[in-house]
Amino acid sequence: MSVLASTRRRLRELRPSTVLATLALLSVSAVVLLPIAIIVFTAFKPAGEVNAFPPSLMPDTWTLDNLQEVTSELPFLRLIGNSFLFAGGVTVFALVFDSLAAYALARIDFAGRKVLLIAIIATLMIPFQATLIPLYQLVADLGWVNTYTGLIAPRAADAFGIFFLRQFFLALPRDIDAAARMDGAGEFRVFRSIVLPNAMPALLTLGLFTFVNNWNDLLWPLVFTTDAEMGTITSGLTLLTGPSGIVPHGVMMAGSLVAIVPLVVAFLFVQRRFIENIATTGIK
């Protein structure tokens with residue numbers, strides 16, 4: 001009885017603004033989650049229901065045929081492995097090089113530091129498509145087409161990542177650097193043992209962004225790989241389109257469903273640190 005009374009009292013204490021904010025949040029969440037729900041339910045629909053009109057969200061008959069067709073029509077495990085190597089490799093190298101550059105720009109005073117920072121930020125204004133052809137020509141001249149090196153090396157550093165980590169490094173107190181140097185620590189020791197452990201939320205956040213962006217990238221693997229065995233899961237799904245342009249939507253949704261599972265796992269892994277970084281990082 002006391003629990004019921006307590007619940008009623010809490011309901012009476014709710015402000016109209018709180019109720020409206022909750023309803024707005026639920027509405028936005030429903031809109032955001034609707035495409036994911038469509039992917040999930042369509043992946044388990046038979047072809048007849050996928051193409052039926054009017055369409056329905058929930059399948060009347062659940063089937064695994066779409067998942068089986070994806071694995072039979074594509075070298076699915078190879079594509080998934082390529083995606084992990086591509087997105088994971090880019091993430092690892094980007095974290096290493098971006099953090100080194102960001103540390104130099106944030107914690108080391110040297111001539112031309114501001115000019116270099118402005119030049120790095122300016123590259124963010126250049127459309128990716130503008131550099132795609134010369135970059136492909138360079139990769140082709142090096143013989144890196146259809147190789148993991150050609151996929152990963154051009155993306156081993158990123159201007160956004162450098163700027164993002166620099167802003168976080170600036171927020172760290174310089175006293176810890178001075179204390180470490182007084183104990184005889186060198187510059188790299190300060191970077192490795194002092195700055196990086198304190199910047200773990202920013203590193204995990206940048207790693208998540210980098211991994212997701214490269215995992216979902218379609219244009220890059222399509223341009224730099226011509227062999228189906230070297231494609232990623234995102235580019236491999238395009239092979240399901242028939243010669244007449246007919247798209248098997250159920251099979252495509254099944255492949256997309258499997259493709260987003262690693263992204264969900266990655267986000268759940270860094271969710272707590274990701275939220276901490278959003279709450280604590282400032283722009284200076």
# chains A, B, ... in the order shown; residues from 1 in each chain; ligands from 1

call {"tool": "residues_around", "arguments": {"residues": "range 36-46 of chain A", "least_positions_apart": "4", "cutoff": "6 Å", "atoms": "only C-alpha atoms", "output": "number ranges by chain"}}
result
A: 58-59, 62-64, 250, 253-254

call {"tool": "write_last_selection", "arguments": {"atoms": "N, CA and C atoms", "output": "CSV table (one decimal), in the first residue's frame"}}
result
chain,number,residue,atom,x,y,z
A,58,MET,N,5.8,-5.3,-38.9
A,58,MET,CA,6.1,-6.6,-38.4
A,58,MET,C,5.8,-7.7,-39.4
A,59,PRO,N,6.7,-8.7,-39.5
A,59,PRO,CA,6.4,-9.8,-40.4
A,59,PRO,C,5.3,-10.7,-39.9
A,62,TRP,N,8.0,-15.3,-39.9
A,62,TRP,CA,9.4,-15.1,-39.7
A,62,TRP,C,10.2,-16.1,-40.4
A,63,THR,N,11.3,-15.7,-41.1
A,63,THR,CA,12.1,-16.6,-41.8
A,63,THR,C,13.6,-16.2,-41.7
A,64,LEU,N,14.5,-17.2,-41.9
A,64,LEU,CA,15.9,-16.9,-41.9
A,64,LEU,C,16.5,-17.1,-43.3
A,250,GLY,N,14.9,-7.6,-48.8
A,250,GLY,CA,15.0,-8.5,-47.6
A,250,GLY,C,16.4,-8.9,-47.4
A,253,MET,N,18.6,-6.0,-46.2
A,253,MET,CA,18.4,-5.7,-44.8
A,253,MET,C,19.0,-6.7,-43.9
A,254,ALA,N,19.0,-8.0,-44.3
A,254,ALA,CA,19.7,-9.0,-43.5
A,254,ALA,C,21.2,-8.7,-43.4

call {"tool": "closest_atom_pairs", "arguments": {"of": "range 45-96 of chain A", "to": "range 202-224 of chain A", "cutoff": "9 Å", "atoms": "only C-alpha atoms", "output": "Markdown table"}}
result
| residue | atom | partner | partner_atom | distance |
| --- | --- | --- | --- | --- |
| A:Ser83 | CA | A:Trp215 | CA | 6.1 |
| A:Phe84 | CA | A:Trp215 | CA | 7.6 |
| A:Phe86 | CA | A:Asn214 | CA | 7.4 |
| A:Ala87 | CA | A:Asn214 | CA | 5.1 |
| A:Gly88 | CA | A:Phe211 | CA | 6.2 |
| A:Gly89 | CA | A:Phe211 | CA | 8.9 |
| A:Val90 | CA | A:Phe211 | CA | 7.5 |
| A:Thr91 | CA | A:Phe211 | CA | 5.6 |
| A:Val92 | CA | A:Gly207 | CA | 7.8 |
| A:Ala94 | CA | A:Thr210 | CA | 8.0 |
| A:Leu95 | CA | A:Gly207 | CA | 6.8 |

call {"tool": "write_last_selection", "arguments": {"atoms": "N, CA and C atoms", "output": "short mmCIF file (atom, residue, chain, number, x, y, z; two decimals), in the first residue's frame"}}
result
data_model
loop_
_atom_site.label_atom_id
_atom_site.label_comp_id
_atom_site.auth_asym_id
_atom_site.auth_seq_id
_atom_site.Cartn_x
_atom_site.Cartn_y
_atom_site.Cartn_z
N SER A 83 36.34 -5.72 -43.23
CA SER A 83 35.82 -4.52 -42.56
C SER A 83 36.51 -4.30 -41.22
N PHE A 84 36.71 -5.38 -40.48
CA PHE A 84 37.40 -5.25 -39.20
C PHE A 84 38.84 -4.80 -39.40
N PHE A 86 40.08 -3.12 -41.98
CA PHE A 86 40.08 -1.76 -42.50
C PHE A 86 39.73 -0.75 -41.41
N ALA A 87 38.54 -0.91 -40.81
CA ALA A 87 38.10 0.06 -39.81
C ALA A 87 38.97 0.00 -38.55
N GLY A 88 39.33 -1.21 -38.12
CA GLY A 88 40.17 -1.33 -36.94
C GLY A 88 41.58 -0.81 -37.17
N GLY A 89 42.15 -1.11 -38.34
CA GLY A 89 43.49 -0.62 -38.65
C GLY A 89 43.54 0.89 -38.73
N VAL A 90 42.58 1.48 -39.41
CA VAL A 90 42.53 2.95 -39.49
C VAL A 90 42.38 3.55 -38.10
N THR A 91 41.55 2.94 -37.26
CA THR A 91 41.33 3.46 -35.91
C THR A 91 42.60 3.44 -35.08
N VAL A 92 43.32 2.33 -35.13
CA VAL A 92 44.56 2.21 -34.33
C VAL A 92 45.60 3.23 -34.79
N ALA A 94 45.16 5.95 -36.55
CA ALA A 94 44.69 7.32 -36.36
C ALA A 94 44.85 7.76 -34.91
N LEU A 95 44.56 6.87 -33.97
CA LEU A 95 44.72 7.23 -32.56
C LEU A 95 46.18 7.50 -32.23
#

call {"tool": "atom_distance", "arguments": {"atom1": "CA of Val270 in chain A", "atom2": "CA of Gly161 in chain A"}}
result
17.1 Å

call {"tool": "closest_atom_pairs", "arguments": {"of": "range 91-198 of chain A", "to": "range 231-242 of chain A", "cutoff": "12 Å", "atoms": "only C-alpha atoms", "output": "tab-separated table"}}
result
residue	atom	partner	partner_atom	distance
A:Val145	CA	A:Gly231	CA	11.4
A:Asn146	CA	A:Gly231	CA	8.4
A:Thr147	CA	A:Gly231	CA	9.9
A:Tyr148	CA	A:Gly231	CA	10.0
A:Leu151	CA	A:Gly231	CA	9.9

call {"tool": "write_last_selection", "arguments": {"atoms": "N, CA and C atoms", "output": "PDB file, in the first residue's frame"}}
result
ATOM      1  N   VAL A 145      46.628  -0.670 -54.800  1.00  0.00           N
ATOM      2  CA  VAL A 145      45.229  -0.961 -55.089  1.00  0.00           C
ATOM      3  C   VAL A 145      44.960  -2.432 -54.766  1.00  0.00           C
ATOM      4  N   ASN A 146      43.801  -2.707 -54.181  1.00  0.00           N
ATOM      5  CA  ASN A 146      43.433  -4.069 -53.745  1.00  0.00           C
ATOM      6  C   ASN A 146      44.371  -4.600 -52.668  1.00  0.00           C
ATOM      7  N   THR A 147      44.846  -3.719 -51.803  1.00  0.00           N
ATOM      8  CA  THR A 147      45.669  -4.135 -50.659  1.00  0.00           C
ATOM      9  C   THR A 147      45.136  -3.454 -49.406  1.00  0.00           C
ATOM     10  N   TYR A 148      45.420  -4.072 -48.258  1.00  0.00           N
ATOM     11  CA  TYR A 148      45.028  -3.459 -46.999  1.00  0.00           C
ATOM     12  C   TYR A 148      45.803  -2.165 -46.752  1.00  0.00           C
ATOM     13  N   LEU A 151      44.055   0.666 -48.401  1.00  0.00           N
ATOM     14  CA  LEU A 151      42.842   1.062 -47.701  1.00  0.00           C
ATOM     15  C   LEU A 151      43.133   1.850 -46.436  1.00  0.00           C
TER      16      LEU A 151
END

call {"tool": "residues_around", "arguments": {"residues": "Val251 in chain A", "least_positions_apart": "4", "cutoff": "9 Å", "atoms": "only C-alpha atoms", "output": "PyMOL selection string"}}
result
chain A and resi 42-43+47+65-70+240+247+255-256

call {"tool": "atom_distance", "arguments": {"atom1": "CA of Phe269 in chain A", "atom2": "CA of Val195 in chain A"}}
result
22.2 Å

call {"tool": "atom_distance", "arguments": {"atom1": "CA of Gly186 in chain A", "atom2": "CA of Phe160 in chain A"}}
result
27.4 Å

call {"tool": "closest_residue", "arguments": {"among": "A:Pro173, A:Gly81, A:Pro201, A:Gly112", "to": "Met230 in chain A", "atoms": "only C-alpha atoms"}}
result
A:Gly81

call {"tool": "select_by_dssp", "arguments": {"residues": "range 66-239 of chain A", "states": "alpha helix (DSSP H)", "output": "VMD selection string"}}
result
chain A and resid 66 to 73 76 to 107 113 to 122 128 to 141 148 to 152 159 to 171 175 to 182 187 to 190 196 to 198 200 to 216 219 to 224 233 to 236

call {"tool": "write_last_selection", "arguments": {"atoms": "C-alpha atoms", "output": "compact mmCIF listing (two decimals), in the first residue's frame"}}
result
# COMPACT_ATOMS: atom_id res chain seq x y z
CA ASN A 66 17.44 -13.77 -46.15
CA LEU A 67 20.35 -14.38 -43.80
CA GLN A 68 21.12 -17.68 -45.50
CA GLU A 69 21.06 -16.04 -48.93
CA VAL A 70 23.50 -13.34 -47.83
CA THR A 71 26.02 -15.90 -46.68
CA SER A 72 25.59 -17.96 -49.85
CA GLU A 73 25.69 -15.09 -52.36
CA PHE A 76 30.42 -12.93 -46.11
CA LEU A 77 33.02 -13.91 -43.52
CA ARG A 78 35.79 -12.51 -45.72
CA LEU A 79 33.95 -9.21 -46.12
CA ILE A 80 33.35 -8.95 -42.38
CA GLY A 81 37.02 -9.69 -41.75
CA ASN A 82 38.07 -7.06 -44.28
CA SER A 83 35.82 -4.52 -42.56
CA PHE A 84 37.40 -5.25 -39.20
CA LEU A 85 40.91 -4.97 -40.65
CA PHE A 86 40.08 -1.76 -42.50
CA ALA A 87 38.10 0.06 -39.81
CA GLY A 88 40.17 -1.33 -36.94
CA GLY A 89 43.49 -0.62 -38.65
CA VAL A 90 42.53 2.95 -39.49
CA THR A 91 41.33 3.46 -35.91
CA VAL A 92 44.56 2.21 -34.33
CA PHE A 93 46.87 4.22 -36.60
CA ALA A 94 44.69 7.32 -36.36
CA LEU A 95 44.72 7.23 -32.56
CA VAL A 96 48.50 6.92 -32.53
CA PHE A 97 49.32 9.63 -35.06
CA ASP A 98 46.50 11.99 -34.07
CA SER A 99 47.44 11.85 -30.40
CA LEU A 100 51.12 12.51 -31.16
CA ALA A 101 50.30 15.50 -33.34
CA ALA A 102 47.71 16.80 -30.88
CA TYR A 103 50.16 16.56 -28.00
CA ALA A 104 52.76 18.57 -29.89
CA LEU A 105 50.23 21.25 -30.80
CA ALA A 106 48.78 21.45 -27.29
CA ARG A 107 51.70 20.94 -24.91
CA ARG A 113 52.58 26.07 -34.01
CA LYS A 114 49.53 28.27 -34.62
CA VAL A 115 50.17 28.39 -38.37
CA LEU A 116 50.42 24.61 -38.49
CA LEU A 117 47.18 24.26 -36.51
CA ILE A 118 45.35 26.62 -38.87
CA ALA A 119 46.66 24.68 -41.87
CA ILE A 120 45.43 21.39 -40.38
CA ILE A 121 42.00 22.83 -39.61
CA ALA A 122 41.82 24.32 -43.11
CA PHE A 128 36.78 14.58 -49.77
CA GLN A 129 35.75 14.14 -53.40
CA ALA A 130 38.20 16.84 -54.50
CA THR A 131 41.20 14.78 -53.42
CA LEU A 132 39.86 11.34 -54.29
CA ILE A 133 41.23 11.12 -57.86
CA PRO A 134 44.80 12.34 -57.11
CA LEU A 135 44.85 10.15 -54.03
CA TYR A 136 43.79 7.12 -56.06
CA GLN A 137 46.50 7.90 -58.63
CA LEU A 138 49.10 8.01 -55.84
CA VAL A 139 47.89 4.72 -54.37
CA ALA A 140 47.90 3.13 -57.85
CA ASP A 141 51.45 4.35 -58.53
CA TYR A 148 45.03 -3.46 -47.00
CA THR A 149 47.83 -0.91 -47.08
CA GLY A 150 46.02 1.07 -49.76
CA LEU A 151 42.84 1.06 -47.70
CA ILE A 152 44.42 1.99 -44.38
CA ALA A 159 42.61 16.55 -39.14
CA PHE A 160 39.43 16.31 -37.06
CA GLY A 161 41.04 13.78 -34.73
CA ILE A 162 44.09 16.01 -34.23
CA PHE A 163 41.92 19.03 -33.43
CA PHE A 164 39.61 17.01 -31.18
CA LEU A 165 42.44 15.56 -29.07
CA ARG A 166 44.26 18.89 -28.96
CA GLN A 167 41.23 20.49 -27.33
CA PHE A 168 41.14 17.75 -24.71
CA PHE A 169 44.89 17.96 -24.04
CA LEU A 170 44.56 21.72 -23.51
CA ALA A 171 42.03 21.06 -20.74
CA ASP A 175 51.16 21.07 -13.44
CA ILE A 176 51.23 17.33 -14.00
CA ASP A 177 53.67 17.82 -16.90
CA ALA A 178 55.93 20.00 -14.77
CA ALA A 179 55.89 17.51 -11.88
CA ALA A 180 56.83 14.65 -14.20
CA ARG A 181 59.68 16.63 -15.77
CA MET A 182 61.02 17.51 -12.33
CA GLU A 187 58.74 14.42 -23.37
CA PHE A 188 57.65 11.02 -24.65
CA ARG A 189 57.41 9.67 -21.10
CA VAL A 190 55.13 12.57 -20.16
CA LEU A 196 47.39 9.55 -22.48
CA PRO A 197 45.97 7.87 -19.33
CA ASN A 198 44.15 11.10 -18.44
CA MET A 200 41.32 7.95 -22.17
CA PRO A 201 37.70 9.19 -22.51
CA ALA A 202 38.69 11.36 -25.50
CA LEU A 203 40.69 8.53 -27.08
CA LEU A 204 37.78 6.09 -26.74
CA THR A 205 35.34 8.65 -28.15
CA LEU A 206 37.57 9.41 -31.14
CA GLY A 207 38.19 5.70 -31.63
CA LEU A 208 34.45 5.06 -31.74
CA PHE A 209 33.84 7.85 -34.26
CA THR A 210 36.72 6.68 -36.46
CA PHE A 211 35.72 3.02 -36.36
CA VAL A 212 32.06 3.72 -37.15
CA ASN A 213 32.82 6.17 -39.98
CA ASN A 214 35.20 3.77 -41.69
CA TRP A 215 33.03 0.71 -41.11
CA ASN A 216 30.09 2.47 -42.78
CA LEU A 219 32.87 5.08 -51.50
CA TRP A 220 36.39 4.48 -50.20
CA PRO A 221 36.47 0.65 -50.51
CA LEU A 222 34.57 0.83 -53.81
CA VAL A 223 37.28 3.08 -55.29
CA PHE A 224 40.38 1.43 -53.86
CA ILE A 233 30.76 -5.64 -45.93
CA THR A 234 29.39 -2.22 -46.91
CA SER A 235 30.73 -2.36 -50.45
CA GLY A 236 29.99 -6.08 -50.71
